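Have a look at start29.txt below; it lists compact mmCIF, C-alpha atoms.
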# COMPACT_ATOMS: atom_id res chain seq x y z
CA MET A 274 -4.01 -81.28 101.81
CA LYS A 275 -5.44 -80.52 105.26
CA TRP A 276 -5.35 -84.24 106.13
CA PHE A 277 -1.66 -84.39 105.22
CA ARG A 278 -0.86 -81.41 107.45
CA ASP A 279 -2.96 -82.80 110.30
CA ILE A 280 -1.22 -86.18 110.29
CA GLN A 281 2.25 -84.78 109.56
CA LYS A 282 2.46 -82.60 112.66
CA PRO A 283 2.11 -85.33 115.33
CA LEU A 284 4.45 -87.61 113.41
CA LEU A 285 7.16 -84.95 113.26
CA GLU A 286 6.60 -84.06 116.93
CA ASN A 287 7.33 -87.71 117.77
CA GLY A 288 10.54 -87.88 115.75
CA ILE A 289 9.00 -89.64 112.76
CA GLY A 290 10.06 -88.23 109.42
CA VAL A 291 7.56 -87.72 106.62
CA PHE A 292 8.23 -88.16 102.91
CA TYR A 293 5.45 -87.60 100.39
CA ILE A 294 5.30 -89.42 97.08
CA ASP A 295 3.39 -87.85 94.21
CA SER A 296 2.86 -90.48 91.54
CA PHE A 297 0.52 -88.31 89.52
CA SER A 298 1.67 -84.75 88.70
CA GLY A 299 4.98 -85.90 87.20
CA ARG A 300 2.95 -88.06 84.83
CA GLY A 301 0.69 -85.17 83.84
CA ILE A 302 -2.28 -86.09 86.06
CA LYS A 303 -3.84 -83.03 87.63
CA TYR A 304 -6.93 -84.29 89.47
CA THR A 305 -7.65 -87.67 91.00
CA TYR A 306 -10.66 -86.98 93.17
CA ARG A 307 -12.80 -83.96 92.28
CA GLU A 308 -15.49 -85.16 89.90
CA LYS A 309 -16.38 -88.66 88.83
CA ASP A 310 -15.21 -87.84 85.29
CA ASN A 311 -11.73 -87.11 86.66
CA TYR A 312 -11.38 -90.64 88.00
CA GLU A 313 -10.41 -91.62 84.45
CA GLU A 314 -7.27 -89.56 84.99
CA LEU A 315 -6.46 -91.54 88.14
CA TYR A 316 -6.39 -94.81 86.23
CA LYS A 317 -3.81 -93.52 83.74
CA VAL A 318 -1.26 -94.30 86.47
CA SER A 319 -1.17 -97.99 87.34
CA MET A 320 -0.99 -99.23 90.91
CA VAL A 321 2.18 -101.11 89.95
CA SER A 322 3.74 -97.77 88.88
CA GLN A 323 2.85 -96.35 92.26
CA GLY A 324 4.37 -99.41 93.94
CA ILE A 325 7.58 -98.83 92.00
CA ASP A 326 7.52 -95.17 93.09
CA ALA A 327 7.25 -96.33 96.72
CA ILE A 328 10.17 -98.76 96.31
CA MET A 329 12.30 -96.03 94.69
CA ALA A 330 11.48 -93.75 97.64
CA TYR A 331 12.55 -96.53 100.02
CA ILE A 332 15.82 -96.98 98.11
CA PHE A 333 16.47 -93.24 98.31
CA LEU A 334 15.63 -93.00 102.01
CA LYS A 335 17.46 -96.12 103.24
CA ASP A 336 20.84 -94.60 102.38
CA HIS A 337 20.07 -91.13 103.73
CA PRO A 338 22.31 -90.31 106.73
CA ARG A 339 19.37 -89.06 108.84
CA VAL A 340 17.18 -92.12 108.22
CA ASP A 341 17.24 -95.45 110.07
CA ALA A 342 16.76 -97.88 107.18
CA ASN A 343 15.30 -100.45 109.57
CA LYS A 344 12.43 -98.15 110.51
CA ILE A 345 10.95 -96.97 107.22
CA GLY A 346 7.20 -97.36 106.96
CA ILE A 347 4.59 -96.59 104.34
CA THR A 348 0.99 -95.48 104.57
CA GLY A 349 -1.62 -93.96 102.33
CA THR A 350 -5.32 -93.46 101.87
CA SER A 351 -7.66 -94.48 99.09
CA ARG A 352 -5.55 -95.28 96.01
CA GLY A 353 -2.41 -94.61 98.07
CA GLY A 354 -3.77 -96.98 100.72
CA THR A 355 -3.52 -99.78 98.18
CA ILE A 356 0.22 -99.38 97.72
CA PRO A 357 1.24 -100.91 101.10
CA PHE A 358 -0.41 -104.15 99.90
CA ILE A 359 1.66 -104.09 96.73
CA VAL A 360 4.99 -103.45 98.48
CA ALA A 361 4.17 -106.13 101.06
CA ASP A 362 4.34 -108.90 98.44
CA LYS A 363 7.75 -110.53 98.04
CA LYS A 364 7.00 -111.35 94.41
CA PHE A 365 6.95 -107.60 93.80
CA THR A 366 9.76 -106.41 96.08
CA LYS A 367 12.25 -109.08 95.00
CA ASN A 368 12.51 -107.27 91.67
CA PHE A 369 14.00 -104.23 93.39
CA LEU A 370 15.29 -105.11 96.85
CA ASP A 371 17.48 -107.68 98.58
CA ASP A 372 15.72 -110.27 100.77
CA ASP A 373 16.57 -108.43 103.98
CA GLU A 374 15.31 -105.06 102.73
CA GLY A 375 11.85 -103.58 102.78
CA PHE A 376 9.42 -101.46 104.70
CA ALA A 377 9.32 -102.12 108.44
CA ALA A 378 5.72 -100.91 108.83
CA LEU A 379 2.75 -100.88 106.49
CA LEU A 380 -0.53 -99.06 107.13
CA ALA A 381 -3.23 -99.15 104.47
CA MET A 382 -5.98 -96.66 105.25
CA SER A 383 -9.23 -96.92 103.28
CA PRO A 384 -7.55 -98.76 100.38
CA GLU A 385 -9.17 -98.88 96.99
CA CYS A 386 -11.74 -101.64 96.60
CA LYS A 387 -10.28 -102.87 93.30
CA ILE A 388 -7.32 -104.68 94.86
CA SER A 389 -8.88 -108.12 94.97
CA GLY A 390 -6.97 -110.41 92.66
CA LEU A 391 -4.02 -108.02 92.41
CA PHE A 392 -1.65 -110.84 93.28
CA GLU A 393 -2.28 -114.55 93.26
CA ASN A 394 -1.10 -116.29 96.44
CA PRO A 395 0.79 -113.33 97.92
CA GLU A 396 3.90 -114.06 99.96
CA ILE A 397 4.14 -111.32 102.53
CA ILE A 398 7.47 -109.76 103.51
CA ASN A 399 8.59 -110.09 107.13
CA ILE A 400 7.11 -106.88 108.53
CA ILE A 401 7.04 -107.66 112.24
CA SER A 402 10.63 -108.32 113.13
CA ASN A 403 13.47 -107.18 115.31
CA ARG A 404 13.92 -104.25 112.90
CA LEU A 405 11.28 -102.21 114.78
I need this file expressed as structure tokens, please.
Amino acid sequence: MKWFRDIQKPLLENGIGVFYIDSFSGRGIKYTYREKDNYEELYKVSMVSQGIDAIMAYIFLKDHPRVDANKIGITGTSRGGTIPFIVADKKFTKNFLDDDEGFAALLAMSPECKISGLFENPEIINIISNRL
């Protein structure tokens, strides 16, 4: 949690809102990192489920009166760092969003190594645009 607090403070000081998504505790997963045996718990939640969680957060935030829908970004580390790759693929986002909707910025930090082959021939959303 220290990392979250450390990164949250400068973001807030620069007018960037922070919204945390917990894809695990609501699904009964308590630990995702402590001991190698607990990694089995992590894989009870699919990366696609986490991608859907991220899209649902986007849908919630885009209509919030204090949020600029054209400036919503996503980041994460480790397993959470894999999710920006998932929500960057049009084949995934088209199931939930209109063509002109989606995250304006994606930052994958130390993503999980098991993402190779996640999507065949990905078609990336238009991230760099006049929305920023």
- Item | Closest of A:Ile345, A:Lys275, A:Asp326, A:Pro283 to Arg300 in chain A - atom-to-atom distances counting all atoms listed in the file |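 Smallest separation from Arg300 in chain A among the options: A:Asp326.
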Given all atoms listed in the file, how would the per-residue table for range 287-353 of chain A near range 368-385 of chain A read, listing every residue at most 8 Å away with its closest atom pair and distance in Å to one decimal, sorted by chain and number, as a tab-separated table?
residue	atom	partner	partner_atom	distance
A:Ile328	CA	A:Phe369	CA	7.3
A:Tyr331	CA	A:Phe376	CA	7.5
A:Asn343	CA	A:Ala377	CA	6.3
A:Lys344	CA	A:Ala377	CA	5.5
A:Ile345	CA	A:Phe376	CA	5.4
A:Gly346	CA	A:Ala378	CA	4.3
A:Ile347	CA	A:Leu379	CA	5.1
A:Thr348	CA	A:Leu380	CA	4.7
A:Gly349	CA	A:Ala381	CA	5.8
A:Thr350	CA	A:Met382	CA	4.7
A:Ser351	CA	A:Pro384	CA	4.5
A:Arg352	CA	A:Glu385	CA	5.2
A:Gly353	CA	A:Pro384	CA	7.0
Please produce a file of the residues just selected, as a PDB file, keeping the file's coordinate frame, where the atoms kept are C-alpha atoms.
ATOM      1  CA  ILE A 328      10.170 -98.760  96.310  1.00  0.00           C
ATOM      2  CA  TYR A 331      12.550 -96.530 100.020  1.00  0.00           C
ATOM      3  CA  ASN A 343      15.300-100.450 109.570  1.00  0.00           C
ATOM      4  CA  LYS A 344      12.430 -98.150 110.510  1.00  0.00           C
ATOM      5  CA  ILE A 345      10.950 -96.970 107.220  1.00  0.00           C
ATOM      6  CA  GLY A 346       7.200 -97.360 106.960  1.00  0.00           C
ATOM      7  CA  ILE A 347       4.590 -96.590 104.340  1.00  0.00           C
ATOM      8  CA  THR A 348       0.990 -95.480 104.570  1.00  0.00           C
ATOM      9  CA  GLY A 349      -1.620 -93.960 102.330  1.00  0.00           C
ATOM     10  CA  THR A 350      -5.320 -93.460 101.870  1.00  0.00           C
ATOM     11  CA  SER A 351      -7.660 -94.480  99.090  1.00  0.00           C
ATOM     12  CA  ARG A 352      -5.550 -95.280  96.010  1.00  0.00           C
ATOM     13  CA  GLY A 353      -2.410 -94.610  98.070  1.00  0.00           C
TER      14      GLY A 353
END
- Query: What gap, in Å, lies between CA of Phe365 in chain A and CA of Ala330 in chain A?
  - Reply: 15.1 Å
- Query: Can you tell me how far CA of Asp341 in chain A sits from CA of Lys282 in chain A, in Å to one decimal?
  - Reply: 19.8 Å
- Between CA of Ser319 in chain A and CA of Cys386 in chain A, measure the distance and give it in Å to one decimal.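 A separation of 14.5 Å between them.
Using all atoms listed in the file, the protein and nucleic acid residues lying no more than 10 Å from Val321 in chain A, apart from those fewer than 5 places from it along its own chain, are Asp326, Ala327, Ile356, Ile359, Val360, Phe365 and Leu391 of chain A.
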- Task: Find the residues near Gln281 in chain A: any atom within 10 Å, counting all atoms listed in the file, skip ones fewer than 6 places away on the same chain, and give them as a list of chain:residue names.
- Result: A:Lys275, A:Ile289, A:Gly290, A:Val291, A:Phe292
- Name the closest residue to Asp362 in chain A among the candidates A:Ile280, A:Ile302, A:Leu334, A:Ile397; distances are taken between atoms, counting all atoms listed in the file.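 Ranked by minimum distance to Asp362 in chain A, first place goes to A:Ile397.
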Which polymer residues have any atom within 12 Å of an atom of Phe297 in chain A, counting all atoms listed in the file, with same-chain residues fewer than 3 positions away left out, as a short mmCIF file (atom, residue, chain, number, x, y, z; two decimals) with C-alpha atoms, in the coordinates of the input?
data_model
loop_
_atom_site.label_atom_id
_atom_site.label_comp_id
_atom_site.auth_asym_id
_atom_site.auth_seq_id
_atom_site.Cartn_x
_atom_site.Cartn_y
_atom_site.Cartn_z
CA TYR A 293 5.45 -87.60 100.39
CA ILE A 294 5.30 -89.42 97.08
CA ARG A 300 2.95 -88.06 84.83
CA GLY A 301 0.69 -85.17 83.84
CA ILE A 302 -2.28 -86.09 86.06
CA LYS A 303 -3.84 -83.03 87.63
CA TYR A 304 -6.93 -84.29 89.47
CA THR A 305 -7.65 -87.67 91.00
CA TYR A 306 -10.66 -86.98 93.17
CA GLU A 314 -7.27 -89.56 84.99
CA LEU A 315 -6.46 -91.54 88.14
CA TYR A 316 -6.39 -94.81 86.23
CA LYS A 317 -3.81 -93.52 83.74
CA VAL A 318 -1.26 -94.30 86.47
CA SER A 319 -1.17 -97.99 87.34
CA MET A 320 -0.99 -99.23 90.91
CA SER A 322 3.74 -97.77 88.88
CA GLN A 323 2.85 -96.35 92.26
CA ASP A 326 7.52 -95.17 93.09
CA ARG A 352 -5.55 -95.28 96.01
CA GLY A 353 -2.41 -94.61 98.07
#
